[in-house]
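K.L.:
For reference, this is run.cif, and it has mmCIF, C-alpha atoms (C1' of nucleotides).
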data_model
#
loop_
_atom_site.label_atom_id
_atom_site.label_comp_id
_atom_site.auth_asym_id
_atom_site.auth_seq_id
_atom_site.Cartn_x
_atom_site.Cartn_y
_atom_site.Cartn_z
CA MET H 1 -19.68 28.51 15.93
CA ALA H 2 -22.68 26.48 14.93
CA ILE H 3 -21.92 27.02 11.26
CA ASN H 4 -21.09 23.38 11.32
CA TYR H 5 -23.93 21.72 9.48
CA ARG H 6 -24.27 18.06 10.14
CA THR H 7 -24.71 16.20 6.91
CA PRO H 8 -26.78 13.04 6.59
CA LEU H 9 -23.57 11.04 6.37
CA ASP H 10 -22.33 12.68 9.56
CA ARG H 11 -25.54 11.64 11.25
CA ARG H 12 -25.39 8.11 9.90
CA PHE H 13 -21.87 7.47 11.14
CA HIS H 14 -22.52 9.22 14.41
CA ALA H 15 -25.56 7.04 14.99
CA LEU H 16 -23.41 3.98 14.32
CA GLY H 17 -20.85 5.13 16.86
CA ASP H 18 -22.77 3.86 19.85
CA GLY H 19 -22.94 0.24 20.92
CA THR H 20 -26.51 0.40 22.13
CA ARG H 21 -27.68 1.77 18.82
CA ARG H 22 -25.67 -0.75 16.84
CA GLN H 23 -27.23 -3.51 18.91
CA MET H 24 -30.66 -2.11 18.17
CA LEU H 25 -29.87 -2.15 14.46
CA ALA H 26 -28.63 -5.71 14.81
CA MET H 27 -31.93 -6.69 16.38
CA LEU H 28 -33.84 -5.02 13.58
CA ALA H 29 -31.65 -6.65 10.97
CA ARG H 30 -32.46 -10.07 12.37
CA GLN H 31 -36.07 -9.61 13.32
CA GLY H 32 -37.28 -7.21 10.68
CA THR H 33 -39.68 -5.06 12.64
CA LEU H 34 -39.80 -4.28 16.33
CA SER H 35 -41.77 -2.00 18.60
CA ALA H 36 -40.13 0.55 20.86
CA ALA H 37 -40.80 -1.72 23.83
CA GLU H 38 -39.16 -4.66 22.08
CA LEU H 39 -36.17 -2.53 21.24
CA HIS H 40 -36.00 -1.53 24.89
CA ALA H 41 -36.34 -5.00 26.39
CA PRO H 42 -32.72 -6.24 26.20
CA PHE H 43 -31.29 -3.14 27.82
CA ASP H 44 -30.99 -1.90 31.38
CA ALA H 45 -31.44 1.69 30.28
CA ALA H 46 -34.51 3.72 31.13
CA GLN H 47 -37.31 3.93 28.58
CA PRO H 48 -36.72 7.58 27.65
CA THR H 49 -33.07 6.80 27.06
CA ILE H 50 -34.03 4.20 24.46
CA SER H 51 -36.59 6.59 23.03
CA LYS H 52 -33.74 9.04 22.47
CA HIS H 53 -31.57 6.41 20.82
CA ILE H 54 -34.41 5.52 18.50
CA LYS H 55 -34.77 9.13 17.54
CA VAL H 56 -31.08 9.36 16.74
CA LEU H 57 -31.35 6.36 14.45
CA GLU H 58 -34.48 7.79 12.90
CA LYS H 59 -32.98 11.23 12.27
CA ALA H 60 -29.95 9.53 10.77
CA GLY H 61 -32.35 7.88 8.35
CA LEU H 62 -31.19 4.45 9.43
CA VAL H 63 -34.55 3.47 10.80
CA ARG H 64 -38.10 4.10 9.69
CA ARG H 65 -40.99 4.51 12.11
CA GLU H 66 -44.54 3.35 11.57
CA VAL H 67 -47.14 4.30 14.11
CA SER H 68 -50.18 2.13 14.52
CA GLY H 69 -52.29 2.98 17.48
CA ARG H 70 -50.14 3.48 20.51
CA VAL H 71 -47.47 1.13 19.23
CA HIS H 72 -44.54 2.44 17.20
CA ARG H 73 -42.89 -0.08 14.95
CA PHE H 74 -39.45 0.30 13.46
CA HIS H 75 -37.49 -1.23 10.66
CA ILE H 76 -34.15 -0.63 9.02
CA GLU H 77 -33.90 1.83 6.18
CA ASP H 78 -31.54 -0.08 3.98
CA ALA H 79 -30.50 2.78 1.71
CA ALA H 80 -28.93 4.76 4.54
CA LEU H 81 -26.93 1.82 5.78
CA ARG H 82 -25.75 1.16 2.26
CA GLU H 83 -24.71 4.77 1.86
CA ALA H 84 -22.46 4.55 4.89
CA GLU H 85 -21.03 1.28 3.68
CA ASP H 86 -20.44 2.74 0.24
CA TRP H 87 -18.47 5.67 1.58
CA ILE H 88 -16.06 3.36 3.33
CA SER H 89 -15.93 0.97 0.43
CA LEU H 90 -15.13 3.70 -2.06
CA HIS H 91 -12.30 5.11 0.00
CA ARG H 92 -10.94 1.72 0.88
CA SER H 93 -10.72 0.95 -2.79
CA PHE H 94 -8.90 4.20 -3.46
CA TRP H 95 -6.56 3.31 -0.65
CA GLU H 96 -5.96 -0.13 -2.09
CA GLY H 97 -5.17 1.44 -5.40
CA THR H 98 -2.63 3.59 -3.60
CA LEU H 99 -1.17 0.55 -1.91
CA ALA H 100 -0.87 -1.27 -5.20
CA ARG H 101 0.93 1.69 -6.78
CA LEU H 102 3.18 1.94 -3.75
CA GLU H 103 4.03 -1.72 -3.90
CA ALA H 104 4.70 -1.53 -7.61
CA PHE H 105 7.02 1.36 -6.91
CA VAL H 106 8.82 -0.22 -3.99
CA CYS H 107 9.17 -3.61 -5.64
CA ALA H 108 10.01 -2.44 -9.11
CA PRO H 109 13.23 -4.16 -10.27
CA ASP H 110 15.78 -1.46 -11.04
CA LYS H 111 13.32 0.65 -12.91
CA GLU H 112 12.75 4.32 -12.75
CA GLU H 113 9.54 5.38 -11.14
CA GLY H 114 6.76 4.82 -13.59
CA GLU H 115 3.86 7.17 -13.80
CA THR H 116 0.28 6.81 -14.78
CA MET K 117 -21.70 7.61 35.01
CA ALA K 118 -18.63 7.00 32.95
CA ILE K 119 -19.29 3.25 33.02
CA ASN K 120 -19.73 3.58 29.31
CA TYR K 121 -16.62 2.10 27.79
CA ARG K 122 -16.05 3.14 24.24
CA THR K 123 -15.13 0.20 22.09
CA PRO K 124 -12.78 0.40 19.11
CA LEU K 125 -15.79 0.14 16.79
CA ASP K 126 -17.45 3.02 18.64
CA ARG K 127 -14.33 5.07 18.07
CA ARG K 128 -14.07 4.11 14.42
CA PHE K 129 -17.62 5.13 13.61
CA HIS K 130 -17.41 8.22 15.72
CA ALA K 131 -14.27 9.29 13.89
CA LEU K 132 -16.10 8.79 10.60
CA GLY K 133 -18.97 10.96 11.78
CA ASP K 134 -17.23 14.23 11.00
CA GLY K 135 -16.86 15.70 7.54
CA THR K 136 -13.42 17.17 8.15
CA ARG K 137 -12.08 13.84 9.28
CA ARG K 138 -13.69 11.99 6.38
CA GLN K 139 -12.11 14.48 4.01
CA MET K 140 -8.75 13.85 5.62
CA LEU K 141 -9.20 10.13 5.13
CA ALA K 142 -10.17 10.76 1.53
CA MET K 143 -6.95 12.71 1.03
CA LEU K 144 -4.94 9.90 2.55
CA ALA K 145 -6.75 7.32 0.44
CA ARG K 146 -5.79 9.18 -2.71
CA GLN K 147 -2.33 10.36 -1.82
CA GLY K 148 -1.08 7.55 0.36
CA THR K 149 0.93 9.43 2.94
CA LEU K 150 0.69 13.02 4.12
CA SER K 151 2.25 15.16 6.79
CA ALA K 152 0.21 16.98 9.42
CA ALA K 153 0.80 20.23 7.55
CA GLU K 154 -0.44 18.71 4.30
CA LEU K 155 -3.52 17.40 6.06
CA HIS K 156 -4.06 20.88 7.41
CA ALA K 157 -3.59 22.79 4.17
CA PRO K 158 -7.06 22.47 2.58
CA PHE K 159 -8.88 23.58 5.69
CA ASP K 160 -9.61 26.93 7.24
CA ALA K 161 -9.34 25.49 10.73
CA ALA K 162 -6.52 26.35 13.12
CA GLN K 163 -3.55 24.03 13.30
CA PRO K 164 -4.36 22.65 16.78
CA THR K 165 -7.87 21.85 15.60
CA ILE K 166 -6.46 19.65 12.86
CA SER K 167 -4.00 18.17 15.31
CA LYS K 168 -6.98 17.12 17.41
CA HIS K 169 -8.79 15.61 14.42
CA ILE K 170 -5.68 13.63 13.57
CA LYS K 171 -5.53 12.31 17.08
CA VAL K 172 -9.16 11.21 16.89
CA LEU K 173 -8.42 9.30 13.69
CA GLU K 174 -5.29 7.84 15.22
CA LYS K 175 -7.00 6.71 18.44
CA ALA K 176 -9.75 5.17 16.33
CA GLY K 177 -7.01 3.15 14.66
CA LEU K 178 -7.98 4.52 11.26
CA VAL K 179 -4.69 6.26 10.73
CA ARG K 180 -1.12 5.36 11.57
CA ARG K 181 1.51 7.95 12.50
CA GLU K 182 5.16 7.81 11.61
CA VAL K 183 7.45 10.43 13.07
CA SER K 184 10.61 11.31 11.21
CA GLY K 185 12.38 14.29 12.58
CA ARG K 186 9.96 17.08 13.19
CA VAL K 187 7.61 15.88 10.50
CA HIS K 188 4.76 13.50 11.32
CA ARG K 189 3.52 11.42 8.41
CA PHE K 190 0.20 9.63 8.32
CA HIS K 191 -1.36 6.88 6.32
CA ILE K 192 -4.58 4.92 6.45
CA GLU K 193 -4.79 1.81 8.56
CA ASP K 194 -6.77 -0.33 6.22
CA ALA K 195 -7.81 -2.99 8.72
CA ALA K 196 -9.80 -0.55 10.85
CA LEU K 197 -11.66 0.86 7.88
CA ARG K 198 -12.45 -2.64 6.75
CA GLU K 199 -13.75 -3.53 10.20
CA ALA K 200 -16.24 -0.69 10.10
CA GLU K 201 -17.27 -1.64 6.61
CA ASP K 202 -17.67 -5.25 7.65
CA TRP K 203 -19.98 -4.41 10.52
CA ILE K 204 -22.34 -2.61 8.19
CA SER K 205 -22.01 -5.22 5.49
CA LEU K 206 -22.82 -8.06 7.88
CA HIS K 207 -25.92 -6.39 9.21
CA ARG K 208 -27.08 -5.26 5.83
CA SER K 209 -26.91 -8.84 4.66
CA PHE K 210 -28.92 -9.99 7.66
CA TRP K 211 -31.42 -7.30 6.86
CA GLU K 212 -31.63 -8.39 3.27
CA GLY K 213 -32.31 -11.91 4.41
CA THR K 214 -35.10 -10.52 6.53
CA LEU K 215 -36.48 -8.62 3.57
CA ALA K 216 -36.45 -11.77 1.47
CA ARG K 217 -38.34 -13.67 4.15
CA LEU K 218 -40.77 -10.82 4.54
CA GLU K 219 -41.38 -10.72 0.83
CA ALA K 220 -41.95 -14.45 0.71
CA PHE K 221 -44.47 -14.05 3.51
CA VAL K 222 -46.25 -11.07 2.03
CA CYS K 223 -46.43 -12.53 -1.46
CA ALA K 224 -47.56 -15.97 -0.35
CA PRO K 225 -50.93 -16.80 -1.97
CA ASP K 226 -54.25 -17.09 -0.04
CA LYS K 227 -53.29 -14.94 2.85
CA GLU K 228 -55.47 -12.42 4.61
CA GLU K 229 -53.97 -10.42 7.34
CA GLY K 230 -56.83 -8.21 8.62
CA GLU K 231 -54.60 -6.27 10.93
CA THR K 232 -50.99 -6.11 11.76
"C1'" DA E 233 -65.49 6.20 32.95
"C1'" DT E 234 -61.43 4.41 34.78
"C1'" DA E 235 -57.33 1.94 34.61
"C1'" DA E 236 -53.51 0.29 32.25
"C1'" DT E 237 -50.22 0.48 28.65
"C1'" DT E 238 -47.07 2.54 25.09
"C1'" DA E 239 -44.05 5.80 24.13
"C1'" DA E 240 -42.79 10.75 23.77
"C1'" DT E 241 -41.45 15.27 26.29
"C1'" DA E 242 -39.58 18.16 29.71
"C1'" DG E 243 -36.01 19.29 32.42
"C1'" DC E 244 -31.77 18.33 34.75
"C1'" DC E 245 -26.84 16.82 34.99
"C1'" DA E 246 -22.01 15.34 33.81
"C1'" DT E 247 -19.09 14.38 30.06
"C1'" DT E 248 -17.51 14.79 25.48
"C1'" DT E 249 -16.85 17.29 21.34
"C1'" DG E 250 -15.03 20.65 18.27
"C1'" DG E 251 -13.32 25.02 18.00
"C1'" DC E 252 -10.19 28.82 19.33
"C1'" DT E 253 -5.68 31.40 21.06
"C1'" DA E 254 -1.46 31.14 23.29
"C1'" DT E 255 2.37 28.42 24.46
"C1'" DT E 256 5.70 24.67 24.39
"C1'" DT E 257 8.56 21.13 22.43
"C1'" DA E 258 11.49 19.47 19.10
"C1'" DA E 259 14.07 19.52 14.91
"C1'" DT E 260 16.18 22.23 11.13
"C1'" DT E 261 18.29 26.11 8.94
"C1'" DT E 262 21.09 30.07 8.75
"C1'" DA N 263 23.81 30.24 18.78
"C1'" DA N 264 19.71 32.13 16.92
"C1'" DA N 265 15.89 31.92 14.05
"C1'" DT N 266 12.54 29.23 11.84
"C1'" DT N 267 9.55 25.55 11.22
"C1'" DA N 268 6.43 21.40 12.42
"C1'" DA N 269 3.38 19.94 15.33
"C1'" DA N 270 1.73 18.94 20.10
"C1'" DT N 271 -0.23 20.76 24.74
"C1'" DA N 272 -2.66 23.71 27.78
"C1'" DG N 273 -6.58 25.97 28.82
"C1'" DC N 274 -10.90 28.02 27.67
"C1'" DC N 275 -15.68 28.00 25.73
"C1'" DA N 276 -20.30 26.73 23.71
"C1'" DA N 277 -22.84 23.11 22.02
"C1'" DA N 278 -24.00 18.35 21.72
"C1'" DT N 279 -24.41 13.76 23.83
"C1'" DG N 280 -26.13 10.25 26.78
"C1'" DG N 281 -28.14 9.31 30.93
"C1'" DC N 282 -31.72 9.90 34.55
"C1'" DT N 283 -36.57 10.91 36.86
"C1'" DA N 284 -40.98 12.75 36.45
"C1'" DT N 285 -44.62 13.90 33.56
"C1'" DT N 286 -47.67 14.00 29.61
"C1'" DA N 287 -50.21 12.26 25.58
"C1'" DA N 288 -52.53 8.87 23.32
"C1'" DT N 289 -54.61 4.44 22.79
"C1'" DT N 290 -56.63 0.25 24.44
"C1'" DA N 291 -58.82 -2.59 28.07
"C1'" DT N 292 -61.84 -3.29 31.97
#
Could the structure of this file be written out as structure tokens, please?

P.N.:
Amino acid sequence: MAINYRTPLDRRFHALGDGTRRQMLAMLARQGTLSAAELHAPFDAAQPTISKHIKVLEKAGLVRREVSGRVHRFHIEDAALREAEDWISLHRSFWEGTLARLEAFVCAPDKEEGET
Amino acid sequence: MAINYRTPLDRRFHALGDGTRRQMLAMLARQGTLSAAELHAPFDAAQPTISKHIKVLEKAGLVRREVSGRVHRFHIEDAALREAEDWISLHRSFWEGTLARLEAFVCAPDKEEGET
DNA sequence: ATAATTAATAGCCATTTGGCTATTTAATTT
DNA sequence: AAATTAAATAGCCAAATGGCTATTAATTAT
């Protein structure tokens, strides 16, 4: 069933799950702003294929489009990238807390399990 | 053409691109280690559906399985999560460098850029 | 006005995804 | 030994994904 709504975070991570798109983001990160043609240049893929990738990045909010004349220019939308990073960071830190508690438990010298 | 090899990073981000799987990781981050049944409990989904999600997380390297008897226990594989985080972090920092350069350029005195 | 350029759409295809039910495998209980 | 329990597989389906070619739309040059 298509009751499965894709959240923005879903879209962000999904967009990051493709090497071509990550490479495009890497180009944008280094060069700031690029046209669709410039984003296409390094790849073998057909132009419409790249156009689709761009749209995926755009819909994920990772990239912002600015049209000027017939040229479309793109740049990274930092907030979206940070959001994805933050999700991981938050859960990694929870996990590290868990690890620390586990270690404390495992390594505790003949103590009974402490609680929090 | 299936010439498209999926890299580990592709798999990591793809695995993160689903809310159910992220929730499972969140549970593992907080509770350390959980069985397949415990990972299943909060969801309406059928058991084989969760089994599939677990396998996606496992193949992405995000989760490690330990079988003991008929119970399978899972915990987060921190390194993989960190790798995903690092990719974003690296490129965000590049992007921020770009922003700084852009700002320096835009705010430089006596400049007139008539068009783009 | 015509040609060239930039990039999106349309439409097609194969593969992957995420979901389900039914079944199987394996390990415990009783 | 039989029943129960934990979890994976098998097999099916609809939708989404990623790729292509051909075409269209829009803008800029000649």

K.L.:
Written as a VMD selection string, which residues does the PyMOL selection byres ((chain E) within 9 of (chain K)) give for the file shown?

P.N.:
chain E and resid 246 to 247 250 to 252 258 to 260

K.L.:
Written as a ChimeraX atom specification, what is the full residue list that the PyMOL selection byres ((chain N) within 9 of (chain H)) yields on the file shown?

P.N.:
/N:276-277,280-282,288-290

K.L.:
Run the PyMOL selection byres ((chain K) within 8 of (chain H)) on the file and write out the hits as a PyMOL selection string.

P.N.:
chain K and resi 123+125-130+132-135+141-142+144-148+192+194+197-198+200-201+204-205+207-208+210-212+214-215+218

K.L.:
Superposing chain H on chain K by least squares with every Cα paired in order, what RMSD results?

P.N.:
3.2 Å

K.L.:
For DT257 (chain E), which residue among N:DA263, N:DC274, N:DA284, N:DA269 is the nearest when counting all atoms listed in the file?

P.N.:
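Residue with the minimum atom-to-atom distance to DT257 (chain E): N:DA269.
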
K.L.:
Go through N:DT285, N:DT292, N:DT279, N:DT267 one by one, measure the shortest atom-to-atom distance of each to DA240 (chain E) using all atoms listed in the file, and give the residue with the smallest value.

P.N.:
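Closest to DA240 (chain E), using all atoms listed in the file: N:DT285.
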
K.L.:
Mind giving me the straight-line distance from C1' of DT234 (chain E) to CA of Leu39 (chain H) in Å, one decimal?

P.N.:
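CA of Leu39 (chain H) lies 29.5 Å from C1' of DT234 (chain E).
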
K.L.:
Provide the CA of His188 (chain K) to C1' of DC275 (chain N) distance in Å, to one decimal place.

P.N.:
28.9 Å

K.L.:
Quick one, how far is CA of Ala153 (chain K) from C1' of DT271 (chain N)?

P.N.:
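C1' of DT271 (chain N) lies 17.2 Å from CA of Ala153 (chain K).
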